[in-house]
Amino acid sequence: MEQDLTEYTDMIVEYGTQYGLNIVFAVLILIIGMMAAGWVKRMVIKMCKKSAKIDDTLGAFFSSLARYVVIIFTILAVLDRFGVETASLIAILGAASLAIGLALQGTLSNVAAGVMLLIFRPFKIGQFVDAAGHAGSVKHIGLFVTEMATGDNVQIIIPNSQIWGSSIKNFSSNENRRVDLVIGIGYDDDIDKAIAEIGSVCDADDRVLKDPATSIFVGELGASSVDIVVRAWTASGNYWPLKAALTKEIKHRFDDKEISFPYPQQDVHIVSNVK
């Protein structure tokens with residue numbers, strides 16, 4: 001009886017010595033790994049903030065990704081202390097990742113497109129763009145979707161893969177934009193007088209830039225009007241207000257100067273063969 005108790009005691013001491021050290025080392029590896037994961041995350045965030053090309057959302061994504069990578073290696077190191085075949089485990093995880101990637105192919109494509117949008121920045125929050133067939137002001141750029149608001153404040157949520165895979169028209173990217181107007185006058189009206197009055201209207205508005213200069217010329221001889229083209233430059237933020245103001249003021253000026261806006265008309269000639 002005493003011999004059996006001694007054998008059990010020796011066995012407990014042996015296993016305790018063998019696995020106890022592994023447990024201690026595993027705990028130390030786990031603590032150091034978690035500390036290293038937090039340190040790596042903070043370093044990645046700091047590096048991303050120093051770079052003007054990396055958005056805060058993208059910085060948070062990269063920092064979290066780096067943290068999880070360190071945690072995964074830490075767990076593998078802990079399992080290795082207990083004799084677990086990590087090579088087989090890595091192969092299993094790789095196969096599982098491939099299966100998950102195939103199942104979430106559409107979602108991952110949105111993430112990839114979101115990363116590209118945040119890196120290359122074809123547009124920024126607050127800018128007015130036309131992307132994936134939708135026009136509106138950008139409200140939020142995420143890793144999966146981009147949120148926009150139309151001119152009448154309707155929310156539009158577009159998957160990033162659709163935006164990155166299509167052409168993007170950014171109306172707010174350039175500092176200045178050109179306002180194009182086509183003003184029709186009657187064939188009996190004085191063209192030079194009309195052009196002078198339009199130029200006077202443009203010069204009176206401070207939002208019209210002097211450089212580049214405003215262009216005013218006859219664009220076409222239409223079916224019922226002489227079409228005068230007006231091309232005035234202004235700051236991008238003044239585009240719509242200026243276009244509305246010029247249209248209104250030109251109408252008032254033409255009314256005062258008795259320059260007509262012709263209606264579409266046709267001359268009908270009736271030939272009678274009655275004798």
# chains A, B, ... in the order shown; residues from 1 in each chain; ligands from 1
$ residues_around --residues "Ser161 (chain A)" --least-positions-apart "6" --cutoff "8 Å" --atoms "only C-alpha atoms" --output "tab-separated table (two decimals) with N, CA and C atoms, in the first residue's frame"
chain	number	residue	atom	x	y	z
A	109	SER	N	-14.75	41.35	-51.27
A	109	SER	CA	-14.50	42.28	-52.37
A	109	SER	C	-14.87	43.70	-51.97
A	110	ASN	N	-15.93	43.83	-51.14
A	110	ASN	CA	-16.29	45.16	-50.64
A	110	ASN	C	-15.21	45.70	-49.71
A	111	VAL	N	-14.64	44.82	-48.88
A	111	VAL	CA	-13.56	45.25	-47.99
A	111	VAL	C	-12.34	45.69	-48.79
A	112	ALA	N	-11.98	44.89	-49.80
A	112	ALA	CA	-10.83	45.25	-50.63
A	112	ALA	C	-11.07	46.58	-51.34
A	113	ALA	N	-12.29	46.77	-51.86
A	113	ALA	CA	-12.61	48.04	-52.51
A	113	ALA	C	-12.60	49.20	-51.52
A	114	GLY	N	-13.08	48.94	-50.29
A	114	GLY	CA	-13.06	49.98	-49.26
A	114	GLY	C	-11.64	50.40	-48.91
$ residues_around --residues "Ala66 (chain A)" --least-positions-apart "3" --cutoff "7 Å" --atoms "only C-alpha atoms" --output "PyMOL selection string"
chain A and resi 40-41+62-63+69-70
$ residues_around --residues "Gly199 (chain A)" --least-positions-apart "3" --cutoff "8 Å" --atoms "only C-alpha atoms" --output "list in words"
Ile195, Ala196, Cys202, Asp203, Thr214 and Ile216 of chain A
$ residues_around --residues "Ser200 (chain A)" --least-positions-apart "5" --cutoff "12 Å" --atoms "only C-alpha atoms" --output "PyMOL selection string"
chain A and resi 193-195+205-206+208+214+216+246+249-250+253-254
$ residues_around --residues "region 224-234 of chain A" --least-positions-apart "6" --cutoff "8 Å" --atoms "only C-alpha atoms" --output "NGL selection string"
:A and (176-187 or 195 or 202 or 207-218 or 242 or 261-266)
$ atom_distance --atom1 "CA of Val129 (chain A)" --atom2 "CA of Glu175 (chain A)"
14.4 Å
$ select_by_dssp --residues "region 100-235 of chain A" --states "helix (DSSP H, G or I)" --output "NGL selection string"
:A and (100-103 or 105-120 or 160-164 or 191-204)
$ residues_around --residues "Ser173 (chain A)" --least-positions-apart "6" --cutoff "9 Å" --atoms "only C-alpha atoms" --output "MDAnalysis selection string"
chainID A and resid 122:124 127:129 236
$ write_last_selection --atoms "C-alpha atoms" --output "short mmCIF file (atom, residue, chain, number, x, y, z; two decimals), in the first residue's frame"
data_model
loop_
_atom_site.label_atom_id
_atom_site.label_comp_id
_atom_site.auth_asym_id
_atom_site.auth_seq_id
_atom_site.Cartn_x
_atom_site.Cartn_y
_atom_site.Cartn_z
CA PRO A 122 -10.94 59.53 -55.20
CA PHE A 123 -13.37 61.50 -53.04
CA LYS A 124 -13.64 62.71 -49.45
CA GLN A 127 -17.76 66.21 -51.50
CA PHE A 128 -20.49 65.87 -54.15
CA VAL A 129 -19.85 62.91 -56.44
CA SER A 236 -16.93 75.05 -56.97
#
$ residues_around --residues "Met34 (chain A)" --least-positions-apart "5" --cutoff "10 Å" --atoms "only C-alpha atoms" --output "PyMOL selection string"
chain A and resi 28-29+39-40+67-68+70-71+74-75
$ closest_residue --among "A:Ala204, A:Met47, A:Val145, A:Val78" --to "Leu108 (chain A)" --atoms "only C-alpha atoms"
A:Val145
$ decode --residues "region 182-218 of chain A" --atoms "N, CA and C atoms" --output "PDB file, in the first residue's frame"
ATOM      1  N   VAL A 182     -26.883  78.646 -72.029  1.00  0.00           N
ATOM      2  CA  VAL A 182     -27.248  78.891 -73.429  1.00  0.00           C
ATOM      3  C   VAL A 182     -28.465  79.807 -73.415  1.00  0.00           C
ATOM      4  N   ILE A 183     -28.293  81.027 -73.924  1.00  0.00           N
ATOM      5  CA  ILE A 183     -29.348  82.034 -73.922  1.00  0.00           C
ATOM      6  C   ILE A 183     -29.802  82.261 -75.364  1.00  0.00           C
ATOM      7  N   GLY A 184     -31.084  82.053 -75.615  1.00  0.00           N
ATOM      8  CA  GLY A 184     -31.622  82.256 -76.957  1.00  0.00           C
ATOM      9  C   GLY A 184     -32.252  83.625 -77.117  1.00  0.00           C
ATOM     10  N   ILE A 185     -31.935  84.295 -78.200  1.00  0.00           N
ATOM     11  CA  ILE A 185     -32.560  85.592 -78.523  1.00  0.00           C
ATOM     12  C   ILE A 185     -33.199  85.489 -79.905  1.00  0.00           C
ATOM     13  N   GLY A 186     -34.073  86.444 -80.192  1.00  0.00           N
ATOM     14  CA  GLY A 186     -34.756  86.430 -81.482  1.00  0.00           C
ATOM     15  C   GLY A 186     -33.839  86.832 -82.628  1.00  0.00           C
ATOM     16  N   TYR A 187     -34.208  86.435 -83.844  1.00  0.00           N
ATOM     17  CA  TYR A 187     -33.413  86.773 -85.025  1.00  0.00           C
ATOM     18  C   TYR A 187     -33.440  88.270 -85.318  1.00  0.00           C
ATOM     19  N   ASP A 188     -34.460  88.968 -84.847  1.00  0.00           N
ATOM     20  CA  ASP A 188     -34.561  90.404 -85.085  1.00  0.00           C
ATOM     21  C   ASP A 188     -33.819  91.229 -84.036  1.00  0.00           C
ATOM     22  N   ASP A 189     -33.305  90.590 -82.993  1.00  0.00           N
ATOM     23  CA  ASP A 189     -32.607  91.312 -81.930  1.00  0.00           C
ATOM     24  C   ASP A 189     -31.150  91.556 -82.299  1.00  0.00           C
ATOM     25  N   ASP A 190     -30.561  92.554 -81.651  1.00  0.00           N
ATOM     26  CA  ASP A 190     -29.161  92.925 -81.883  1.00  0.00           C
ATOM     27  C   ASP A 190     -28.251  91.964 -81.102  1.00  0.00           C
ATOM     28  N   ILE A 191     -27.476  91.159 -81.822  1.00  0.00           N
ATOM     29  CA  ILE A 191     -26.626  90.157 -81.182  1.00  0.00           C
ATOM     30  C   ILE A 191     -25.560  90.823 -80.314  1.00  0.00           C
ATOM     31  N   ASP A 192     -24.889  91.850 -80.843  1.00  0.00           N
ATOM     32  CA  ASP A 192     -23.822  92.516 -80.090  1.00  0.00           C
ATOM     33  C   ASP A 192     -24.355  93.156 -78.814  1.00  0.00           C
ATOM     34  N   LYS A 193     -25.549  93.710 -78.896  1.00  0.00           N
ATOM     35  CA  LYS A 193     -26.162  94.315 -77.719  1.00  0.00           C
ATOM     36  C   LYS A 193     -26.458  93.243 -76.662  1.00  0.00           C
ATOM     37  N   ALA A 194     -26.974  92.118 -77.101  1.00  0.00           N
ATOM     38  CA  ALA A 194     -27.281  91.034 -76.171  1.00  0.00           C
ATOM     39  C   ALA A 194     -26.006  90.520 -75.499  1.00  0.00           C
ATOM     40  N   ILE A 195     -24.952  90.354 -76.278  1.00  0.00           N
ATOM     41  CA  ILE A 195     -23.681  89.871 -75.718  1.00  0.00           C
ATOM     42  C   ILE A 195     -23.133  90.883 -74.719  1.00  0.00           C
ATOM     43  N   ALA A 196     -23.251  92.172 -75.028  1.00  0.00           N
ATOM     44  CA  ALA A 196     -22.757  93.211 -74.113  1.00  0.00           C
ATOM     45  C   ALA A 196     -23.545  93.200 -72.801  1.00  0.00           C
ATOM     46  N   GLU A 197     -24.842  93.029 -72.879  1.00  0.00           N
ATOM     47  CA  GLU A 197     -25.664  93.014 -71.672  1.00  0.00           C
ATOM     48  C   GLU A 197     -25.365  91.780 -70.815  1.00  0.00           C
ATOM     49  N   ILE A 198     -25.153  90.648 -71.449  1.00  0.00           N
ATOM     50  CA  ILE A 198     -24.790  89.438 -70.698  1.00  0.00           C
ATOM     51  C   ILE A 198     -23.441  89.627 -70.007  1.00  0.00           C
ATOM     52  N   GLY A 199     -22.487  90.228 -70.733  1.00  0.00           N
ATOM     53  CA  GLY A 199     -21.184  90.496 -70.129  1.00  0.00           C
ATOM     54  C   GLY A 199     -21.287  91.433 -68.947  1.00  0.00           C
ATOM     55  N   SER A 200     -22.172  92.414 -69.035  1.00  0.00           N
ATOM     56  CA  SER A 200     -22.368  93.353 -67.929  1.00  0.00           C
ATOM     57  C   SER A 200     -22.932  92.648 -66.703  1.00  0.00           C
ATOM     58  N   VAL A 201     -23.855  91.716 -66.945  1.00  0.00           N
ATOM     59  CA  VAL A 201     -24.426  90.941 -65.832  1.00  0.00           C
ATOM     60  C   VAL A 201     -23.344  90.105 -65.155  1.00  0.00           C
ATOM     61  N   CYS A 202     -22.507  89.471 -65.940  1.00  0.00           N
ATOM     62  CA  CYS A 202     -21.435  88.631 -65.375  1.00  0.00           C
ATOM     63  C   CYS A 202     -20.421  89.472 -64.608  1.00  0.00           C
ATOM     64  N   ASP A 203     -20.070  90.637 -65.138  1.00  0.00           N
ATOM     65  CA  ASP A 203     -19.092  91.497 -64.467  1.00  0.00           C
ATOM     66  C   ASP A 203     -19.617  92.035 -63.140  1.00  0.00           C
ATOM     67  N   ALA A 204     -20.932  92.173 -63.042  1.00  0.00           N
ATOM     68  CA  ALA A 204     -21.514  92.741 -61.825  1.00  0.00           C
ATOM     69  C   ALA A 204     -21.563  91.735 -60.673  1.00  0.00           C
ATOM     70  N   ASP A 205     -21.397  90.465 -60.967  1.00  0.00           N
ATOM     71  CA  ASP A 205     -21.450  89.437 -59.919  1.00  0.00           C
ATOM     72  C   ASP A 205     -20.027  89.107 -59.464  1.00  0.00           C
ATOM     73  N   ASP A 206     -19.748  89.322 -58.183  1.00  0.00           N
ATOM     74  CA  ASP A 206     -18.395  89.094 -57.650  1.00  0.00           C
ATOM     75  C   ASP A 206     -17.999  87.623 -57.657  1.00  0.00           C
ATOM     76  N   ARG A 207     -18.959  86.730 -57.765  1.00  0.00           N
ATOM     77  CA  ARG A 207     -18.637  85.290 -57.750  1.00  0.00           C
ATOM     78  C   ARG A 207     -18.043  84.820 -59.072  1.00  0.00           C
ATOM     79  N   VAL A 208     -18.199  85.624 -60.121  1.00  0.00           N
ATOM     80  CA  VAL A 208     -17.614  85.275 -61.417  1.00  0.00           C
ATOM     81  C   VAL A 208     -16.132  85.638 -61.394  1.00  0.00           C
ATOM     82  N   LEU A 209     -15.281  84.675 -61.684  1.00  0.00           N
ATOM     83  CA  LEU A 209     -13.841  84.894 -61.651  1.00  0.00           C
ATOM     84  C   LEU A 209     -13.380  85.689 -62.882  1.00  0.00           C
ATOM     85  N   LYS A 210     -12.374  86.508 -62.652  1.00  0.00           N
ATOM     86  CA  LYS A 210     -11.783  87.277 -63.758  1.00  0.00           C
ATOM     87  C   LYS A 210     -10.785  86.434 -64.547  1.00  0.00           C
ATOM     88  N   ASP A 211     -10.207  85.455 -63.877  1.00  0.00           N
ATOM     89  CA  ASP A 211      -9.229  84.576 -64.525  1.00  0.00           C
ATOM     90  C   ASP A 211      -9.543  83.123 -64.122  1.00  0.00           C
ATOM     91  N   PRO A 212      -9.953  82.303 -65.059  1.00  0.00           N
ATOM     92  CA  PRO A 212     -10.113  82.519 -66.500  1.00  0.00           C
ATOM     93  C   PRO A 212     -11.252  83.498 -66.813  1.00  0.00           C
ATOM     94  N   ALA A 213     -11.102  84.166 -67.914  1.00  0.00           N
ATOM     95  CA  ALA A 213     -12.093  85.173 -68.300  1.00  0.00           C
ATOM     96  C   ALA A 213     -13.365  84.508 -68.807  1.00  0.00           C
ATOM     97  N   THR A 214     -14.472  85.240 -68.677  1.00  0.00           N
ATOM     98  CA  THR A 214     -15.767  84.745 -69.154  1.00  0.00           C
ATOM     99  C   THR A 214     -15.806  84.780 -70.681  1.00  0.00           C
ATOM    100  N   SER A 215     -16.334  83.720 -71.266  1.00  0.00           N
ATOM    101  CA  SER A 215     -16.476  83.645 -72.725  1.00  0.00           C
ATOM    102  C   SER A 215     -17.951  83.762 -73.086  1.00  0.00           C
ATOM    103  N   ILE A 216     -18.259  84.646 -74.038  1.00  0.00           N
ATOM    104  CA  ILE A 216     -19.629  84.825 -74.512  1.00  0.00           C
ATOM    105  C   ILE A 216     -19.575  84.876 -76.041  1.00  0.00           C
ATOM    106  N   PHE A 217     -20.275  83.970 -76.704  1.00  0.00           N
ATOM    107  CA  PHE A 217     -20.215  83.903 -78.159  1.00  0.00           C
ATOM    108  C   PHE A 217     -21.481  83.239 -78.704  1.00  0.00           C
ATOM    109  N   VAL A 218     -21.694  83.440 -79.995  1.00  0.00           N
ATOM    110  CA  VAL A 218     -22.836  82.809 -80.656  1.00  0.00           C
ATOM    111  C   VAL A 218     -22.497  81.345 -80.898  1.00  0.00           C
TER     112      VAL A 218
END
